[in-house]
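Source file protein_25.cif; content: mmCIF, C-alpha atoms.
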data_model
#
loop_
_atom_site.label_atom_id
_atom_site.label_comp_id
_atom_site.auth_asym_id
_atom_site.auth_seq_id
_atom_site.Cartn_x
_atom_site.Cartn_y
_atom_site.Cartn_z
CA MET A 1 18.06 -3.62 1.27
CA LEU A 2 14.70 -4.96 0.13
CA SER A 3 13.21 -1.52 -0.45
CA THR A 4 15.81 -0.71 -3.10
CA LEU A 5 15.85 -4.12 -4.73
CA LEU A 6 14.50 -3.82 -8.25
CA LEU A 7 13.19 -6.95 -9.87
CA LEU A 8 12.83 -6.87 -13.64
CA LEU A 9 10.52 -9.65 -14.73
CA SER A 10 7.62 -10.05 -17.15
CA ILE A 11 4.22 -8.38 -16.87
CA GLN A 12 0.94 -10.02 -17.88
CA PHE A 13 -2.24 -8.14 -18.67
CA SER A 14 -5.84 -9.24 -19.05
CA GLY A 15 -6.90 -7.72 -22.36
CA LEU A 16 -5.60 -4.26 -21.53
CA THR A 17 -4.02 -1.82 -23.92
CA GLN A 18 -1.63 1.03 -23.29
CA ASN A 19 -4.56 3.44 -23.83
CA THR A 20 -6.50 1.75 -21.01
CA PHE A 21 -3.51 2.21 -18.69
CA ALA A 22 -3.30 5.92 -19.55
CA ARG A 23 -6.85 6.56 -18.26
CA THR A 24 -6.53 7.19 -14.54
CA SER A 25 -10.25 7.14 -13.78
CA GLU A 26 -10.88 3.62 -15.12
CA THR A 27 -10.48 0.47 -13.12
CA PHE A 28 -7.85 -1.87 -14.46
CA SER A 29 -6.08 -4.98 -13.31
CA ALA A 30 -2.53 -6.00 -13.98
CA ASP A 31 -0.19 -8.74 -12.87
CA VAL A 32 3.02 -6.98 -11.88
CA THR A 33 6.47 -8.30 -11.10
CA TRP A 34 8.63 -5.17 -10.78
CA VAL A 35 8.32 -3.03 -7.68
CA ARG A 36 10.15 -0.57 -5.43
CA CYS A 37 8.53 0.57 -2.18
CA HIS A 38 8.99 4.14 -0.95
CA ASP A 39 7.12 3.80 2.34
CA GLY A 40 4.49 1.56 3.91
CA ASP A 41 1.71 2.46 1.50
CA THR A 42 3.38 3.68 -1.72
CA CYS A 43 5.37 1.76 -4.32
CA THR A 44 6.53 2.26 -7.90
CA PHE A 45 5.56 -0.37 -10.45
CA ARG A 46 6.48 -0.83 -14.09
CA VAL A 47 3.61 -1.30 -16.54
CA PHE A 48 3.92 -1.23 -20.35
CA GLY A 49 7.57 -0.27 -19.90
CA LYS A 50 6.60 2.85 -17.95
CA ARG A 51 6.90 3.42 -14.22
CA PHE A 52 4.06 4.69 -12.08
CA LYS A 53 3.52 5.24 -8.38
CA ALA A 54 0.65 3.50 -6.65
CA ARG A 55 -0.76 4.19 -3.22
CA ILE A 56 -2.50 1.33 -1.43
CA ALA A 57 -6.21 2.09 -1.18
CA GLY A 58 -7.92 2.24 2.21
CA ILE A 59 -4.95 2.42 4.60
CA ASP A 60 -2.47 4.93 5.97
CA ALA A 61 0.96 3.67 7.03
CA PRO A 62 3.29 5.59 9.37
CA GLU A 63 5.58 8.10 7.70
CA LEU A 64 9.24 7.06 7.51
CA LYS A 65 10.13 9.51 10.31
CA GLN A 66 7.45 8.05 12.59
CA PRO A 67 7.93 4.98 14.76
CA TYR A 68 7.31 1.85 12.65
CA GLY A 69 7.54 3.83 9.39
CA PRO A 70 10.67 1.99 8.18
CA ALA A 71 9.25 -1.31 9.46
CA ALA A 72 6.06 -0.75 7.43
CA ARG A 73 8.06 0.00 4.28
CA ASN A 74 10.27 -3.05 4.81
CA ALA A 75 7.26 -5.32 5.45
CA LEU A 76 5.50 -4.09 2.30
CA SER A 77 8.66 -4.58 0.26
CA ASP A 78 9.12 -8.05 1.72
CA ILE A 79 5.52 -9.08 1.00
CA LEU A 80 5.75 -7.90 -2.61
CA SER A 81 9.24 -9.25 -3.28
CA ARG A 82 8.28 -12.73 -2.03
CA ALA A 83 5.01 -12.85 -3.98
CA LYS A 84 4.79 -15.02 -7.07
CA GLN A 85 1.97 -12.85 -8.38
CA ILE A 86 1.11 -9.22 -7.63
CA LYS A 87 -2.23 -7.96 -8.84
CA LEU A 88 -3.24 -4.29 -8.96
CA GLU A 89 -6.77 -2.99 -9.21
CA CYS A 90 -6.50 0.75 -9.63
CA ARG A 91 -9.14 3.41 -9.69
CA GLY A 92 -8.47 7.11 -9.53
CA LYS A 93 -5.49 9.13 -8.52
CA SER A 94 -4.15 10.88 -5.42
CA TYR A 95 -1.48 13.51 -6.02
CA ASP A 96 1.00 11.88 -8.43
CA ARG A 97 -0.08 8.31 -7.61
CA LYS A 98 -2.72 5.88 -8.78
CA VAL A 99 -4.82 4.49 -5.93
CA CYS A 100 -4.84 0.70 -6.04
CA ALA A 101 -5.99 -2.36 -4.18
CA ILE A 102 -2.98 -4.67 -4.21
CA LYS A 103 -3.04 -8.43 -3.86
CA ALA A 104 0.04 -10.59 -3.37
CA ASP A 105 -0.60 -14.23 -4.20
CA GLY A 106 -4.33 -13.56 -3.80
CA GLN A 107 -4.04 -11.93 -0.36
CA ASP A 108 -5.06 -8.33 0.34
CA VAL A 109 -1.80 -6.50 1.11
CA ALA A 110 -3.57 -3.68 2.96
CA ALA A 111 -5.26 -6.14 5.34
CA MET A 112 -1.92 -7.85 5.97
CA LEU A 113 -0.20 -4.59 6.91
CA VAL A 114 -3.05 -3.40 9.14
CA ALA A 115 -3.32 -6.77 10.94
CA ARG A 116 0.44 -6.69 11.63
CA GLY A 117 0.13 -3.26 13.22
CA LEU A 118 2.02 -1.54 10.41
CA ALA A 119 -0.78 0.65 9.04
CA HIS A 120 -4.06 2.22 10.10
CA ASP A 121 -7.42 1.54 8.54
CA ALA A 122 -8.45 4.76 6.75
CA PRO A 123 -12.25 4.37 7.12
CA GLN A 124 -13.04 7.50 5.11
CA TYR A 125 -11.58 5.64 2.09
CA SER A 126 -11.97 1.96 3.06
CA LYS A 127 -15.51 2.31 4.46
CA GLY A 128 -14.21 0.35 7.46
CA LYS A 129 -12.99 -2.60 5.38
CA TYR A 130 -9.87 -2.99 7.55
CA ARG A 131 -11.50 -2.26 10.93
CA ASP A 132 -11.35 -5.91 12.04
CA ALA A 133 -7.71 -6.23 10.95
CA GLU A 134 -6.87 -3.09 12.93
CA SER A 135 -8.72 -4.44 15.97
CA LEU A 136 -6.68 -7.64 15.75
CA GLY A 137 -3.39 -5.70 15.65
CA ARG A 138 -4.50 -3.54 18.59
CA ARG A 139 -5.62 -6.54 20.66
CA LYS A 140 -2.33 -8.35 20.07
CA LYS A 141 -0.36 -5.09 20.59
CA LEU A 142 1.48 -5.60 17.32
CA GLY A 143 3.70 -3.03 15.65
CA LEU A 144 2.57 0.52 16.19
CA TRP A 145 0.02 -0.63 18.79
CA ALA A 146 2.76 -2.06 21.05
CA SER A 147 3.14 1.15 23.04
CA GLY A 148 -0.43 2.40 23.29
CA THR A 149 -2.06 4.80 20.89
CA PRO A 150 0.26 5.93 18.09
CA GLN A 151 0.02 9.22 16.26
CA ASN A 152 -2.06 8.89 13.13
CA PRO A 153 0.06 9.51 10.00
CA LYS A 154 -2.41 12.15 8.81
CA CYS A 155 -1.88 14.09 12.05
CA PHE A 156 1.88 13.68 11.71
CA ARG A 157 1.74 15.20 8.21
CA HIS A 158 -0.83 17.89 9.06
CA PRO A 159 -0.86 18.57 12.84
CA ALA A 160 -3.46 21.32 12.49
CA SER A 161 -5.96 19.02 10.73
CA ARG A 162 -9.39 18.51 12.22
CA GLY A 163 -9.35 15.71 14.78
CA CYS A 164 -5.61 15.89 15.47
#
Show me the file's structure as structure tokens.
Amino acid sequence: MLSTLLLLLSIQFSGLTQNTFARTSETFSADVTWVRCHDGDTCTFRVFGKRFKARIAGIDAPELKQPYGPAARNALSDILSRAKQIKLECRGKSYDRKVCAIKADGQDVAAMLVARGLAHDAPQYSKGKYRDAESLGRRKKLGLWASGTPQNPKCFRHPASRGC
């Protein structure tokens, strides 16, 4: 299965040191070639010989127990495993994960997932960056939009949250 496939290849960095990587509040970029995806918006990467979890910034993918949750994870894994170059731009942390913009061969992975109907734009974090991609997925009734209005992953996790 693609989600459990571990690829051990080389890692290239642009003038970064291990100390830079240790600071979670700084922005850094890294070309990555080892990845394992846990769900549609969280993967583990290896950097400087150490593993870390990264959450894709600006989107929220369905949980694995929701409709299209496994499809989102598999699509993310497929995108990253086929990429010749994966670039992370991380800033900050959420729970035990760095929050990163991820590009695969120069393409925004978050936009790809949202446009395919496999994740929601999270405007409180993206500032609406993926609104057009989400509109495209809705219009074409792709993925989670195929059967109407899906439950937002935040509401699935926390049903008593405001707006759920």
* Contacts of stretch 71-82 of chain A within 8 Å, all atoms listed in the file, excl. fewer than 6 positions in-chain, as a PyMOL selection string -> chain A and resi 2-3+35-41+61-62+64+104+109+113+118-119
Would you mind exporting C-alpha atoms of the selected residues as a PDB file, in the frame of the given file?
ATOM      1  CA  LEU A   2      14.700  -4.960   0.130  1.00  0.00           C
ATOM      2  CA  SER A   3      13.210  -1.520  -0.450  1.00  0.00           C
ATOM      3  CA  VAL A  35       8.320  -3.030  -7.680  1.00  0.00           C
ATOM      4  CA  ARG A  36      10.150  -0.570  -5.430  1.00  0.00           C
ATOM      5  CA  CYS A  37       8.530   0.570  -2.180  1.00  0.00           C
ATOM      6  CA  HIS A  38       8.990   4.140  -0.950  1.00  0.00           C
ATOM      7  CA  ASP A  39       7.120   3.800   2.340  1.00  0.00           C
ATOM      8  CA  GLY A  40       4.490   1.560   3.910  1.00  0.00           C
ATOM      9  CA  ASP A  41       1.710   2.460   1.500  1.00  0.00           C
ATOM     10  CA  ALA A  61       0.960   3.670   7.030  1.00  0.00           C
ATOM     11  CA  PRO A  62       3.290   5.590   9.370  1.00  0.00           C
ATOM     12  CA  LEU A  64       9.240   7.060   7.510  1.00  0.00           C
ATOM     13  CA  ALA A 104       0.040 -10.590  -3.370  1.00  0.00           C
ATOM     14  CA  VAL A 109      -1.800  -6.500   1.110  1.00  0.00           C
ATOM     15  CA  LEU A 113      -0.200  -4.590   6.910  1.00  0.00           C
ATOM     16  CA  LEU A 118       2.020  -1.540  10.410  1.00  0.00           C
ATOM     17  CA  ALA A 119      -0.780   0.650   9.040  1.00  0.00           C
TER      18      ALA A 119
END
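Across the structure, atom CA of A:Lys103 and atom CA of A:Leu88 are spaced 6.6 Å apart.
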Name the residues that the PyMOL selection byres ((chain A and resi 94) around 12) picks from the file above, as a PDB file with C-alpha atoms, keeping the file's coordinate frame, using the file's chain letters and numbers.
ATOM      1  CA  THR A  24      -6.530   7.190 -14.540  1.00  0.00           C
ATOM      2  CA  SER A  25     -10.250   7.140 -13.780  1.00  0.00           C
ATOM      3  CA  THR A  42       3.380   3.680  -1.720  1.00  0.00           C
ATOM      4  CA  LYS A  53       3.520   5.240  -8.380  1.00  0.00           C
ATOM      5  CA  ALA A  54       0.650   3.500  -6.650  1.00  0.00           C
ATOM      6  CA  ARG A  55      -0.760   4.190  -3.220  1.00  0.00           C
ATOM      7  CA  ILE A  56      -2.500   1.330  -1.430  1.00  0.00           C
ATOM      8  CA  ALA A  57      -6.210   2.090  -1.180  1.00  0.00           C
ATOM      9  CA  CYS A  90      -6.500   0.750  -9.630  1.00  0.00           C
ATOM     10  CA  ARG A  91      -9.140   3.410  -9.690  1.00  0.00           C
ATOM     11  CA  GLY A  92      -8.470   7.110  -9.530  1.00  0.00           C
ATOM     12  CA  LYS A  93      -5.490   9.130  -8.520  1.00  0.00           C
ATOM     13  CA  TYR A  95      -1.480  13.510  -6.020  1.00  0.00           C
ATOM     14  CA  ASP A  96       1.000  11.880  -8.430  1.00  0.00           C
ATOM     15  CA  ARG A  97      -0.080   8.310  -7.610  1.00  0.00           C
ATOM     16  CA  LYS A  98      -2.720   5.880  -8.780  1.00  0.00           C
ATOM     17  CA  VAL A  99      -4.820   4.490  -5.930  1.00  0.00           C
ATOM     18  CA  CYS A 100      -4.840   0.700  -6.040  1.00  0.00           C
ATOM     19  CA  TYR A 125     -11.580   5.640   2.090  1.00  0.00           C
TER      20      TYR A 125
END
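Across the chains present, the PyMOL selection byres ((chain A and resi 133-148) around 8) applied to this file returns Pro67, Tyr68, Ala111, Met112, Val114, Ala115, Arg116, Gly117, Leu118, Ala119, His120, Asp121, Tyr130, Arg131, Asp132, Thr149 and Pro150 of chain A.
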Show me, as lines of an AutoDock Vina configuration file, the centre and edge lengths in Å to one decimal of the axis-aligned box that covers every listed atom of stretch 31-41 of chain A with 3 Å on each side.
center_x = 5.0
center_y = -2.3
center_z = -4.5
size_x = 16.3
size_y = 18.9
size_z = 22.8
* What is the distance between atom CA of A:Glu89 and atom CA of A:Asn152, in Å to one decimal? -> 25.7 Å
